[in-house]
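> One file is attached below, structure-v5.pdb, containing PDB, C-alpha atoms.
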```pdb
ATOM      1  CA  MET A   1     -13.984 -22.642  33.573
ATOM      2  CA  THR A   2     -15.037 -21.064  30.259
ATOM      3  CA  SER A   3     -13.373 -22.597  27.202
ATOM      4  CA  GLY A   4     -12.215 -20.762  24.130
ATOM      5  CA  ARG A   5     -14.960 -22.424  22.097
ATOM      6  CA  GLN A   6     -17.616 -21.212  24.512
ATOM      7  CA  ALA A   7     -16.183 -17.716  24.197
ATOM      8  CA  LEU A   8     -16.379 -18.090  20.414
ATOM      9  CA  VAL A   9     -20.091 -18.953  20.643
ATOM     10  CA  ALA A  10     -20.664 -15.863  22.785
ATOM     11  CA  TRP A  11     -18.797 -13.741  20.253
ATOM     12  CA  HIS A  12     -20.921 -15.178  17.444
ATOM     13  CA  ASP A  13     -24.015 -14.131  19.337
ATOM     14  CA  HIS A  14     -22.563 -10.644  19.893
ATOM     15  CA  LEU A  15     -21.768 -10.188  16.183
ATOM     16  CA  GLU A  16     -25.134 -11.451  15.034
ATOM     17  CA  HIS A  17     -27.490  -9.784  17.495
ATOM     18  CA  GLU A  18     -25.660  -6.729  18.824
ATOM     19  CA  ARG A  19     -23.405  -5.722  15.950
ATOM     20  CA  ARG A  20     -25.978  -6.965  13.412
ATOM     21  CA  ALA A  21     -23.217  -8.275  11.171
ATOM     22  CA  SER A  22     -24.270 -10.118   8.031
ATOM     23  CA  PRO A  23     -24.407 -13.946   8.155
ATOM     24  CA  ARG A  24     -21.487 -14.031   5.731
ATOM     25  CA  THR A  25     -19.366 -11.836   8.014
ATOM     26  CA  VAL A  26     -20.250 -13.873  11.103
ATOM     27  CA  ARG A  27     -19.338 -17.082   9.319
ATOM     28  CA  ALA A  28     -16.035 -15.721   7.972
ATOM     29  CA  TYR A  29     -14.968 -14.287  11.343
ATOM     30  CA  GLY A  30     -16.006 -17.479  13.109
ATOM     31  CA  ASP A  31     -14.090 -19.726  10.700
ATOM     32  CA  ASN A  32     -10.950 -17.625  11.122
ATOM     33  CA  VAL A  33     -11.066 -17.755  14.922
ATOM     34  CA  LEU A  34     -11.980 -21.455  15.015
ATOM     35  CA  ALA A  35      -8.870 -22.231  12.938
ATOM     36  CA  TYR A  36      -6.852 -20.138  15.414
ATOM     37  CA  LEU A  37      -8.269 -22.043  18.407
ATOM     38  CA  ASN A  38      -7.641 -25.399  16.722
ATOM     39  CA  PHE A  39      -3.998 -24.449  16.163
ATOM     40  CA  LEU A  40      -3.556 -23.332  19.774
ATOM     41  CA  GLU A  41      -4.974 -26.602  21.081
ATOM     42  CA  ARG A  42      -2.644 -28.646  18.881
ATOM     43  CA  HIS A  43       0.277 -26.383  19.738
ATOM     44  CA  ARG A  44      -0.348 -26.575  23.494
ATOM     45  CA  GLY A  45      -1.708 -30.108  23.598
ATOM     46  CA  GLU A  46      -4.699 -29.100  25.707
ATOM     47  CA  THR A  47      -8.053 -27.397  25.590
ATOM     48  CA  VAL A  48      -7.657 -23.630  25.396
ATOM     49  CA  THR A  49      -9.506 -21.917  28.221
ATOM     50  CA  LEU A  50     -10.534 -18.289  28.540
ATOM     51  CA  THR A  51      -7.674 -17.787  30.990
ATOM     52  CA  ALA A  52      -5.232 -19.277  28.476
ATOM     53  CA  LEU A  53      -6.450 -16.903  25.776
ATOM     54  CA  GLY A  54      -5.533 -14.024  28.046
ATOM     55  CA  ALA A  55      -1.997 -15.404  28.241
ATOM     56  CA  ILE A  56      -1.347 -16.115  24.543
ATOM     57  CA  THR A  57       2.029 -14.622  23.640
ATOM     58  CA  ALA A  58       2.920 -12.601  20.578
ATOM     59  CA  ALA A  59       5.282 -15.437  19.611
ATOM     60  CA  GLU A  60       2.426 -17.939  19.621
ATOM     61  CA  LEU A  61       0.281 -15.716  17.413
ATOM     62  CA  ARG A  62       3.201 -15.208  15.031
ATOM     63  CA  ALA A  63       3.662 -18.999  14.960
ATOM     64  CA  TYR A  64       0.019 -19.356  13.947
ATOM     65  CA  LEU A  65       0.403 -16.822  11.138
ATOM     66  CA  ALA A  66       3.542 -18.580   9.926
ATOM     67  CA  PHE A  67       1.631 -21.874   9.963
ATOM     68  CA  ARG A  68      -1.135 -20.344   7.801
ATOM     69  CA  ARG A  69       1.458 -19.029   5.338
ATOM     70  CA  SER A  70       2.814 -22.500   4.602
ATOM     71  CA  GLY A  71       1.579 -25.800   3.242
ATOM     72  CA  ASP A  72      -0.940 -26.720   0.563
ATOM     73  CA  ASP A  73      -3.623 -24.536   2.167
ATOM     74  CA  ALA A  74      -1.398 -21.465   2.556
ATOM     75  CA  LEU A  75      -3.277 -18.191   2.771
ATOM     76  CA  ALA A  76      -2.558 -15.270   0.467
ATOM     77  CA  PRO A  77      -1.362 -12.098   2.224
ATOM     78  CA  ARG A  78      -4.796 -10.448   2.043
ATOM     79  CA  SER A  79      -6.547 -13.520   3.468
ATOM     80  CA  LEU A  80      -3.904 -13.763   6.187
ATOM     81  CA  SER A  81      -4.497 -10.115   7.072
ATOM     82  CA  GLN A  82      -8.243 -10.763   7.291
ATOM     83  CA  SER A  83      -7.580 -13.739   9.552
ATOM     84  CA  LEU A  84      -5.472 -11.591  11.896
ATOM     85  CA  SER A  85      -8.175  -8.922  11.873
ATOM     86  CA  SER A  86     -10.732 -11.522  12.999
ATOM     87  CA  ILE A  87      -8.441 -12.694  15.806
ATOM     88  CA  ARG A  88      -7.903  -9.128  17.005
ATOM     89  CA  ALA A  89     -11.659  -8.492  16.992
ATOM     90  CA  PHE A  90     -12.175 -11.693  19.002
ATOM     91  CA  HIS A  91      -9.605 -10.647  21.589
ATOM     92  CA  ARG A  92     -11.195  -7.196  21.852
ATOM     93  CA  PHE A  93     -14.456  -8.937  22.688
ATOM     94  CA  LEU A  94     -12.681 -11.049  25.320
ATOM     95  CA  ASP A  95     -11.254  -7.886  26.837
ATOM     96  CA  GLN A  96     -14.420  -5.776  26.775
ATOM     97  CA  ARG A  97     -17.056  -8.392  27.543
ATOM     98  CA  LEU A  98     -15.328 -11.294  29.298
ATOM     99  CA  ASP A  99     -12.711  -9.352  31.299
ATOM    100  CA  THR A 100      -9.830 -11.144  29.597
ATOM    101  CA  PRO A 101      -7.371  -8.616  28.147
ATOM    102  CA  ASN A 102      -4.288  -9.645  26.218
ATOM    103  CA  PRO A 103      -1.938  -6.746  25.289
ATOM    104  CA  GLN A 104       0.378  -9.174  23.465
ATOM    105  CA  ILE A 105      -2.041  -9.344  20.511
ATOM    106  CA  ALA A 106      -1.422  -5.690  19.635
ATOM    107  CA  LEU A 107       2.304  -6.422  19.200
ATOM    108  CA  VAL A 108       1.745  -8.618  16.145
ATOM    109  CA  ARG A 109       1.663  -6.973  12.735
ATOM    110  CA  GLY A 110       0.029  -8.457   9.689
ATOM    111  CA  PRO A 111       1.611  -8.877   6.254
ATOM    112  CA  ARG A 112       2.222  -5.798   4.159
ATOM    113  CA  LEU A 113      -0.417  -5.489   1.496
ATOM    114  CA  LYS A 114      -0.135  -3.795  -1.837
ATOM    115  CA  VAL A 115      -3.150  -1.511  -2.005
ATOM    116  CA  GLY A 116      -4.688  -1.881  -5.450
ATOM    117  CA  LEU A 117      -6.443   0.960  -7.189
ATOM    118  CA  PRO A 118     -10.184   0.756  -7.865
ATOM    119  CA  ARG A 119     -10.981  -0.629 -11.310
ATOM    120  CA  PRO A 120     -13.755   1.480 -12.815
ATOM    121  CA  VAL A 121     -15.293   1.100 -16.261
ATOM    122  CA  THR A 122     -15.416   4.017 -18.677
ATOM    123  CA  GLU A 123     -18.632   5.834 -19.459
ATOM    124  CA  ASP A 124     -18.863   4.110 -22.856
ATOM    125  CA  GLN A 125     -18.266   0.704 -21.283
ATOM    126  CA  ALA A 126     -20.980   1.304 -18.698
ATOM    127  CA  TYR A 127     -23.462   2.273 -21.405
ATOM    128  CA  GLY A 128     -22.412  -0.779 -23.413
ATOM    129  CA  LEU A 129     -23.005  -3.146 -20.515
ATOM    130  CA  ILE A 130     -26.475  -1.758 -19.828
ATOM    131  CA  HIS A 131     -27.580  -1.616 -23.468
ATOM    132  CA  GLU A 132     -26.269  -5.074 -24.318
ATOM    133  CA  ILE A 133     -27.554  -6.869 -21.210
ATOM    134  CA  GLY A 134     -30.687  -7.843 -23.146
ATOM    135  CA  SER A 135     -28.593 -10.069 -25.415
ATOM    136  CA  VAL A 136     -27.430 -12.278 -22.536
ATOM    137  CA  SER A 137     -29.372 -15.536 -22.395
ATOM    138  CA  GLY A 138     -28.010 -16.793 -19.106
ATOM    139  CA  ASP A 139     -31.422 -18.180 -18.160
ATOM    140  CA  GLY A 140     -31.926 -19.972 -21.443
ATOM    141  CA  PRO A 141     -33.293 -19.064 -24.886
ATOM    142  CA  ASP A 142     -36.791 -18.410 -23.496
ATOM    143  CA  ARG A 143     -35.634 -15.414 -21.492
ATOM    144  CA  ASP A 144     -38.597 -13.097 -20.957
ATOM    145  CA  ASP A 145     -38.767  -9.347 -21.518
ATOM    146  CA  TRP A 146     -39.237  -8.722 -17.783
ATOM    147  CA  GLU A 147     -35.902 -10.419 -17.071
ATOM    148  CA  VAL A 148     -34.181  -8.122 -19.547
ATOM    149  CA  ALA A 149     -35.837  -5.120 -17.880
ATOM    150  CA  ARG A 150     -34.718  -6.430 -14.485
ATOM    151  CA  ASP A 151     -31.075  -6.799 -15.497
ATOM    152  CA  GLU A 152     -31.020  -3.364 -17.104
ATOM    153  CA  ALA A 153     -32.534  -1.914 -13.932
ATOM    154  CA  VAL A 154     -29.954  -3.601 -11.689
ATOM    155  CA  LEU A 155     -26.930  -2.392 -13.678
ATOM    156  CA  THR A 156     -28.390   1.107 -14.030
ATOM    157  CA  LEU A 157     -28.951   1.195 -10.264
ATOM    158  CA  LEU A 158     -25.382   0.109  -9.468
ATOM    159  CA  TRP A 159     -23.897   2.717 -11.784
ATOM    160  CA  GLY A 160     -26.354   5.524 -11.164
ATOM    161  CA  CYS A 161     -26.346   5.284  -7.360
ATOM    162  CA  GLY A 162     -22.880   3.814  -6.707
ATOM    163  CA  LEU A 163     -24.224   0.771  -4.885
ATOM    164  CA  ARG A 164     -22.617  -2.535  -4.025
ATOM    165  CA  ILE A 165     -24.424  -5.586  -5.468
ATOM    166  CA  SER A 166     -25.589  -6.594  -1.996
ATOM    167  CA  GLU A 167     -27.024  -3.113  -1.436
ATOM    168  CA  GLY A 168     -28.853  -3.054  -4.754
ATOM    169  CA  LEU A 169     -30.341  -6.514  -4.281
ATOM    170  CA  SER A 170     -31.396  -5.654  -0.728
ATOM    171  CA  LEU A 171     -34.017  -3.197  -1.990
ATOM    172  CA  LEU A 172     -37.544  -4.228  -1.035
ATOM    173  CA  ARG A 173     -40.786  -3.915  -2.972
ATOM    174  CA  ARG A 174     -41.863  -1.081  -0.694
ATOM    175  CA  ASN A 175     -38.811   0.943  -1.787
ATOM    176  CA  ALA A 176     -40.186   1.239  -5.333
ATOM    177  CA  PRO A 177     -41.178   3.281  -7.213
ATOM    178  CA  LEU A 178     -38.087   5.206  -6.168
ATOM    179  CA  GLY A 179     -38.258   8.786  -4.943
ATOM    180  CA  GLU A 180     -35.708  11.563  -5.270
ATOM    181  CA  THR A 181     -33.398   9.854  -2.762
ATOM    182  CA  LEU A 182     -32.777   6.352  -1.486
ATOM    183  CA  ARG A 183     -31.797   5.286   2.026
ATOM    184  CA  ILE A 184     -29.152   2.552   1.873
ATOM    185  CA  THR A 185     -27.766   0.468   4.733
ATOM    186  CA  GLY A 186     -24.224  -0.571   3.854
ATOM    187  CA  LYS A 187     -21.294  -2.239   5.555
ATOM    188  CA  GLY A 188     -21.297  -2.168   9.329
ATOM    189  CA  GLY A 189     -24.951  -1.154   9.361
ATOM    190  CA  LYS A 190     -24.008   2.377   8.273
ATOM    191  CA  THR A 191     -26.915   4.232   6.665
ATOM    192  CA  ARG A 192     -26.508   6.803   3.911
ATOM    193  CA  ILE A 193     -28.759   8.766   1.582
ATOM    194  CA  VAL A 194     -28.052   8.698  -2.160
ATOM    195  CA  PRO A 195     -29.798  10.753  -4.846
ATOM    196  CA  VAL A 196     -31.702   8.860  -7.543
ATOM    197  CA  LEU A 197     -31.241   9.848 -11.187
ATOM    198  CA  ASP A 198     -34.199   9.950 -13.555
ATOM    199  CA  ALA A 199     -32.588   7.168 -15.607
ATOM    200  CA  VAL A 200     -32.443   4.913 -12.541
ATOM    201  CA  ARG A 201     -36.031   5.663 -11.595
ATOM    202  CA  GLU A 202     -37.212   4.998 -15.164
ATOM    203  CA  ALA A 203     -35.354   1.674 -15.384
ATOM    204  CA  ILE A 204     -36.898   0.503 -12.097
ATOM    205  CA  ASN A 205     -40.371   1.573 -13.264
ATOM    206  CA  LEU A 206     -40.008  -0.350 -16.527
ATOM    207  CA  TYR A 207     -39.010  -3.433 -14.559
ATOM    208  CA  LEU A 208     -41.974  -3.046 -12.195
ATOM    209  CA  ALA A 209     -44.369  -2.691 -15.112
ATOM    210  CA  ALA A 210     -43.107  -5.929 -16.636
ATOM    211  CA  LEU A 211     -42.687  -7.948 -13.398
ATOM    212  CA  PRO A 212     -45.078 -10.941 -13.506
ATOM    213  CA  PHE A 213     -45.055 -11.549  -9.730
ATOM    214  CA  VAL A 214     -47.099  -9.876  -7.038
ATOM    215  CA  LEU A 215     -44.789  -9.056  -4.136
ATOM    216  CA  SER A 216     -45.509  -8.134  -0.551
ATOM    217  CA  PRO A 217     -43.935  -4.860   0.673
ATOM    218  CA  ASP A 218     -41.151  -6.632   2.591
ATOM    219  CA  GLU A 219     -40.036  -9.002  -0.175
ATOM    220  CA  PRO A 220     -36.845  -8.317  -2.184
ATOM    221  CA  LEU A 221     -37.602  -6.181  -5.223
ATOM    222  CA  PHE A 222     -35.457  -8.033  -7.755
ATOM    223  CA  ARG A 223     -36.657 -11.555  -8.556
ATOM    224  CA  ALA A 224     -35.164 -14.573 -10.281
ATOM    225  CA  LYS A 225     -36.845 -16.414 -13.142
ATOM    226  CA  ARG A 226     -38.948 -18.644 -10.896
ATOM    227  CA  GLY A 227     -39.869 -15.894  -8.479
ATOM    228  CA  GLY A 228     -37.233 -16.233  -5.770
ATOM    229  CA  PRO A 229     -34.838 -13.424  -4.805
ATOM    230  CA  LEU A 230     -32.262 -12.579  -7.468
ATOM    231  CA  SER A 231     -28.768 -13.733  -6.512
ATOM    232  CA  PRO A 232     -25.545 -11.710  -6.874
ATOM    233  CA  ARG A 233     -24.149 -14.622  -8.850
ATOM    234  CA  HIS A 234     -26.675 -14.022 -11.637
ATOM    235  CA  VAL A 235     -25.565 -10.402 -12.025
ATOM    236  CA  GLN A 236     -21.893 -11.390 -11.953
ATOM    237  CA  ALA A 237     -22.397 -14.151 -14.529
ATOM    238  CA  SER A 238     -24.309 -11.832 -16.869
ATOM    239  CA  VAL A 239     -21.543  -9.217 -16.783
ATOM    240  CA  GLN A 240     -18.946 -11.943 -17.334
ATOM    241  CA  ILE A 241     -20.707 -13.012 -20.540
ATOM    242  CA  LEU A 242     -21.103  -9.406 -21.652
ATOM    243  CA  ARG A 243     -17.475  -8.436 -21.199
ATOM    244  CA  GLY A 244     -16.506 -11.337 -23.466
ATOM    245  CA  ARG A 245     -18.895 -10.148 -26.161
ATOM    246  CA  LEU A 246     -17.814  -6.536 -25.847
ATOM    247  CA  GLY A 247     -14.102  -7.353 -25.718
ATOM    248  CA  LEU A 248     -13.648  -5.905 -22.227
ATOM    249  CA  SER A 249     -11.041  -7.002 -19.685
ATOM    250  CA  ASP A 250     -11.744  -9.286 -16.745
ATOM    251  CA  ARG A 251     -11.574  -6.183 -14.550
ATOM    252  CA  VAL A 252     -15.060  -5.278 -15.729
ATOM    253  CA  THR A 253     -17.359  -6.537 -12.977
ATOM    254  CA  PRO A 254     -20.623  -5.279 -11.453
ATOM    255  CA  HIS A 255     -18.564  -3.680  -8.683
ATOM    256  CA  ALA A 256     -16.618  -1.740 -11.323
ATOM    257  CA  LEU A 257     -19.846   0.204 -11.966
ATOM    258  CA  ARG A 258     -19.673   1.485  -8.382
ATOM    259  CA  HIS A 259     -16.069   2.533  -8.971
ATOM    260  CA  ALA A 260     -17.157   4.250 -12.194
ATOM    261  CA  PHE A 261     -19.788   6.193 -10.255
ATOM    262  CA  ALA A 262     -17.045   7.607  -8.026
ATOM    263  CA  THR A 263     -14.502   8.405 -10.746
ATOM    264  CA  HIS A 264     -17.118  10.050 -12.970
ATOM    265  CA  LEU A 265     -18.179  12.294 -10.081
ATOM    266  CA  LEU A 266     -14.575  13.123  -9.256
ATOM    267  CA  GLY A 267     -13.836  13.950 -12.881
ATOM    268  CA  ALA A 268     -16.858  16.267 -12.941
ATOM    269  CA  GLY A 269     -15.513  18.218  -9.965
ATOM    270  CA  ALA A 270     -17.243  16.600  -6.966
ATOM    271  CA  ASP A 271     -15.283  16.882  -3.720
ATOM    272  CA  LEU A 272     -13.946  13.828  -1.905
ATOM    273  CA  ARG A 273     -16.063  14.309   1.211
ATOM    274  CA  SER A 274     -19.262  14.233  -0.837
ATOM    275  CA  ILE A 275     -18.139  11.122  -2.698
ATOM    276  CA  GLN A 276     -17.213   9.499   0.622
ATOM    277  CA  GLU A 277     -20.747  10.089   1.907
ATOM    278  CA  LEU A 278     -22.374   8.818  -1.276
ATOM    279  CA  LEU A 279     -20.300   5.620  -1.273
ATOM    280  CA  GLY A 280     -20.645   5.049   2.459
ATOM    281  CA  HIS A 281     -16.895   4.795   3.081
ATOM    282  CA  ALA A 282     -15.964   4.856   6.752
ATOM    283  CA  SER A 283     -12.567   6.406   5.993
ATOM    284  CA  LEU A 284     -11.685   9.237   3.631
ATOM    285  CA  SER A 285      -8.434   7.422   2.804
ATOM    286  CA  THR A 286     -10.487   4.753   1.008
ATOM    287  CA  THR A 287     -12.158   7.397  -1.135
ATOM    288  CA  GLN A 288      -8.840   9.108  -1.847
ATOM    289  CA  ARG A 289      -7.765   6.133  -3.939
ATOM    290  CA  TYR A 290     -10.047   7.455  -6.672
ATOM    291  CA  THR A 291      -7.852  10.529  -7.060
ATOM    292  CA  GLN A 292      -5.056   8.194  -8.164
ATOM    293  CA  VAL A 293      -7.344   6.544 -10.700
ATOM    294  CA  ASP A 294      -8.443   9.912 -12.058
ATOM    295  CA  ALA A 295      -4.834  11.107 -12.249
ATOM    296  CA  ALA A 296      -3.856   7.921 -14.095
ATOM    297  CA  GLY A 297      -6.616   8.493 -16.630
ATOM    298  CA  LEU A 298      -5.542  12.112 -17.046
ATOM    299  CA  MET A 299      -1.957  11.089 -17.790
ATOM    300  CA  ALA A 300      -3.118   8.446 -20.252
ATOM    301  CA  ALA A 301      -5.200  11.036 -22.105
ATOM    302  CA  TYR A 302      -2.245  13.436 -22.083
ATOM    303  CA  ALA A 303       0.113  10.788 -23.466
ATOM    304  CA  LYS A 304      -2.334   9.933 -26.226
ATOM    305  CA  ALA A 305      -3.242  13.482 -27.254
ATOM    306  CA  HIS A 306      -0.183  15.710 -26.775
ATOM    307  CA  PRO A 307       1.911  15.909 -29.995
ATOM    308  CA  HIS A 308       5.181  16.384 -28.118
ATOM    309  CA  TYR A 309       4.706  13.572 -25.592
ATOM    310  CA  GLU A 310       7.392  10.890 -25.816
TER
END
```
Would you mind writing the file's structure down as structure tokens?

Amino acid sequence: MTSGRQALVAWHDHLEHERRASPRTVRAYGDNVLAYLNFLERHRGETVTLTALGAITAAELRAYLAFRRSGDDALAPRSLSQSLSSIRAFHRFLDQRLDTPNPQIALVRGPRLKVGLPRPVTEDQAYGLIHEIGSVSGDGPDRDDWEVARDEAVLTLLWGCGLRISEGLSLLRRNAPLGETLRITGKGGKTRIVPVLDAVREAINLYLAALPFVLSPDEPLFRAKRGGPLSPRHVQASVQILRGRLGLSDRVTPHALRHAFATHLLGAGADLRSIQELLGHASLSTTQRYTQVDAAGLMAAYAKAHPHYE
């Protein structure tokens, strides 16, 4: 009889090889479901089989969520919602691939989440980050000119093309020099085409001209000091140092440049559907959050400028 853990291994394989999920996603989903299986085994006092998973009640799943909300390792509402999402995805796999449906799972609702607005940087802040990145000595006082050119290129790319850090750092040597457009594979393996500004193309070319390493076509374009692939942590740490020097809030992150890309386009009159395509959002409702940001900025400008505003 198939055990729940064997089903979990099969699901891992499905996510990795069929869904082509990232290693990080596979690991996060797997950890969430493993914790769920461990709880069920303790709760029932026996190994959880595939048949048992088909008979899990809504009350048992709610008991698990309540368990994860308490204690020293209590999950925040967003993390708890992600855990429930993983469990639902696992049960969908059991239904579709292992002929083990469980309609009880659909009866359980996750915690209510407060949807936060995107946190973009202003145009001046974006320029400041890019122009001041050369003053950051995160790799030591002997930081080379090519590293400065690299960091300027990365931030310009994130802002100019609206990319996530992972998307920007996934570019390969064969992608550069950049053309008029760039094909990006984002979350869920979804591919989109984004236009490339002259400023982005120029920043990448300056980096390539200064790069001291010879790369094969399939190696990551952006390199660390010793020649390995550049890590997202380096970009995040550099921006963290910069925002302290520039007196910016802790909301200013590399991802805020992607948000700025969207709000700047919206403010210039771009329609939501176009912005959705450029950002690679699966749902228009995600993109619509930027209208709230733009409206908030409009009201702030009104409050500051109108002589009769009280």
> Applying the PyMOL selection byres ((chain A and resi 185) around 12) to the file I just gave you, which residues come out? Please list them as a ChimeraX atom specification.
/A:20-22,163-164,166-171,182-184,186-194,278-281
> CA of Tyr207 in chain A and CA of Gln276 in chain A, how far apart in Å?
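For CA of Gln276 in chain A relative to CA of Tyr207 in chain A, the distance reads 29.5 Å.
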> What residues come out when you apply the PyMOL selection byres ((chain A and resi 64) around 12) to this file, written as a PyMOL selection string?
chain A and resi 32-33+35-44+56-63+65-70+74-75+80+83-84+87+108+110
> Could you list as a PyMOL selection string every residue that has an atom within 12 Å of (-30.5, 2.7, -23.6), using the file's coordinates and counting all atoms listed in the file?
chain A and resi 124+126-134+149+152-153+155-156+199-200+202-203
> Please identify all polymer residues within 9 Å of Arg150 in chain A, counting all atoms listed in the file, omitting same-chain residues fewer than 5 positions from it, and present them as number ranges by chain.
A: 145, 155, 203-204, 206-208, 210-211, 222-223
> For this structure, which residues satisfy the selection - the PyMOL selection byres ((chain A and resi 100) around 12) - when it is evaluated on the file as given? I want them as a PDB file with C-alpha atoms, in the coordinates of the input.

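What follows is the written file expr29.pdb:
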```pdb
ATOM      1  CA  THR A   2     -15.037 -21.064  30.259  1.00  0.00           C
ATOM      2  CA  GLY A   4     -12.215 -20.762  24.130  1.00  0.00           C
ATOM      3  CA  ALA A   7     -16.183 -17.716  24.197  1.00  0.00           C
ATOM      4  CA  THR A  49      -9.506 -21.917  28.221  1.00  0.00           C
ATOM      5  CA  LEU A  50     -10.534 -18.289  28.540  1.00  0.00           C
ATOM      6  CA  THR A  51      -7.674 -17.787  30.990  1.00  0.00           C
ATOM      7  CA  ALA A  52      -5.232 -19.277  28.476  1.00  0.00           C
ATOM      8  CA  LEU A  53      -6.450 -16.903  25.776  1.00  0.00           C
ATOM      9  CA  GLY A  54      -5.533 -14.024  28.046  1.00  0.00           C
ATOM     10  CA  ALA A  55      -1.997 -15.404  28.241  1.00  0.00           C
ATOM     11  CA  ILE A  56      -1.347 -16.115  24.543  1.00  0.00           C
ATOM     12  CA  PHE A  90     -12.175 -11.693  19.002  1.00  0.00           C
ATOM     13  CA  HIS A  91      -9.605 -10.647  21.589  1.00  0.00           C
ATOM     14  CA  ARG A  92     -11.195  -7.196  21.852  1.00  0.00           C
ATOM     15  CA  PHE A  93     -14.456  -8.937  22.688  1.00  0.00           C
ATOM     16  CA  LEU A  94     -12.681 -11.049  25.320  1.00  0.00           C
ATOM     17  CA  ASP A  95     -11.254  -7.886  26.837  1.00  0.00           C
ATOM     18  CA  GLN A  96     -14.420  -5.776  26.775  1.00  0.00           C
ATOM     19  CA  ARG A  97     -17.056  -8.392  27.543  1.00  0.00           C
ATOM     20  CA  LEU A  98     -15.328 -11.294  29.298  1.00  0.00           C
ATOM     21  CA  ASP A  99     -12.711  -9.352  31.299  1.00  0.00           C
ATOM     22  CA  PRO A 101      -7.371  -8.616  28.147  1.00  0.00           C
ATOM     23  CA  ASN A 102      -4.288  -9.645  26.218  1.00  0.00           C
ATOM     24  CA  PRO A 103      -1.938  -6.746  25.289  1.00  0.00           C
TER      25      PRO A 103
END
```
> May I have the protein, DNA and RNA residues with an atom at most 6 Å from (-38.3, -8.5, -2.6), counting all atoms listed in the file in the file's coordinates, returned as a ChimeraX atom specification?
/A:172-173,219-222
> Could you list, as a list in words, every residue within 7 Å of Val239 in chain A, counting all atoms listed in the file and ignoring same-chain residues fewer than 4 positions away?
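Answer for this query is Val235, Arg243, Thr253 and Pro254 of chain A.
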> With distances taken over all atoms listed in the file, which residue among A:Arg109, A:His12, A:Lys225, A:Arg174 lies nearest Thr25 in chain A?
A:His12
> For a quick check of understanding, using only C-alpha atoms, which of A:Phe213, A:Phe261, A:Trp159, A:Tyr29 has the smallest distance to Arg88 in chain A?
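Among A:Phe213, A:Phe261, A:Trp159, A:Tyr29, it is A:Tyr29 that comes nearest to Arg88 in chain A.
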> Enclose the full set of atoms of range 149-157 of chain A listed in the file within a box whose edges lie along x, y and z, apply 6 Å of padding to each of the six sides, and report centre and edge lengths in Å to one decimal as JSON.

```
{"center_x": -31.4, "center_y": -2.8, "center_z": -14.1, "size_x": 20.9, "size_y": 20.0, "size_z": 19.6}
```
> Which is closest to Ala10 in chain A among A:Pro23, A:Arg258, A:Gly30, A:Leu246, if we use all atoms listed in the file?
A:Gly30
> Please indicate the distance in Å from CA of Asp144 in chain A to CA of Asn175 in chain A, rounded to one decimal place.
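Separating CA of Asp144 in chain A from CA of Asn175 in chain A is a distance of 23.8 Å.
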> Of the residues A:Val48, A:Ala89, A:Ala260, A:Leu215, which is the one nearest to Trp11 in chain A, using only C-alpha atoms?
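The answer is A:Ala89, which sits nearest to Trp11 in chain A.
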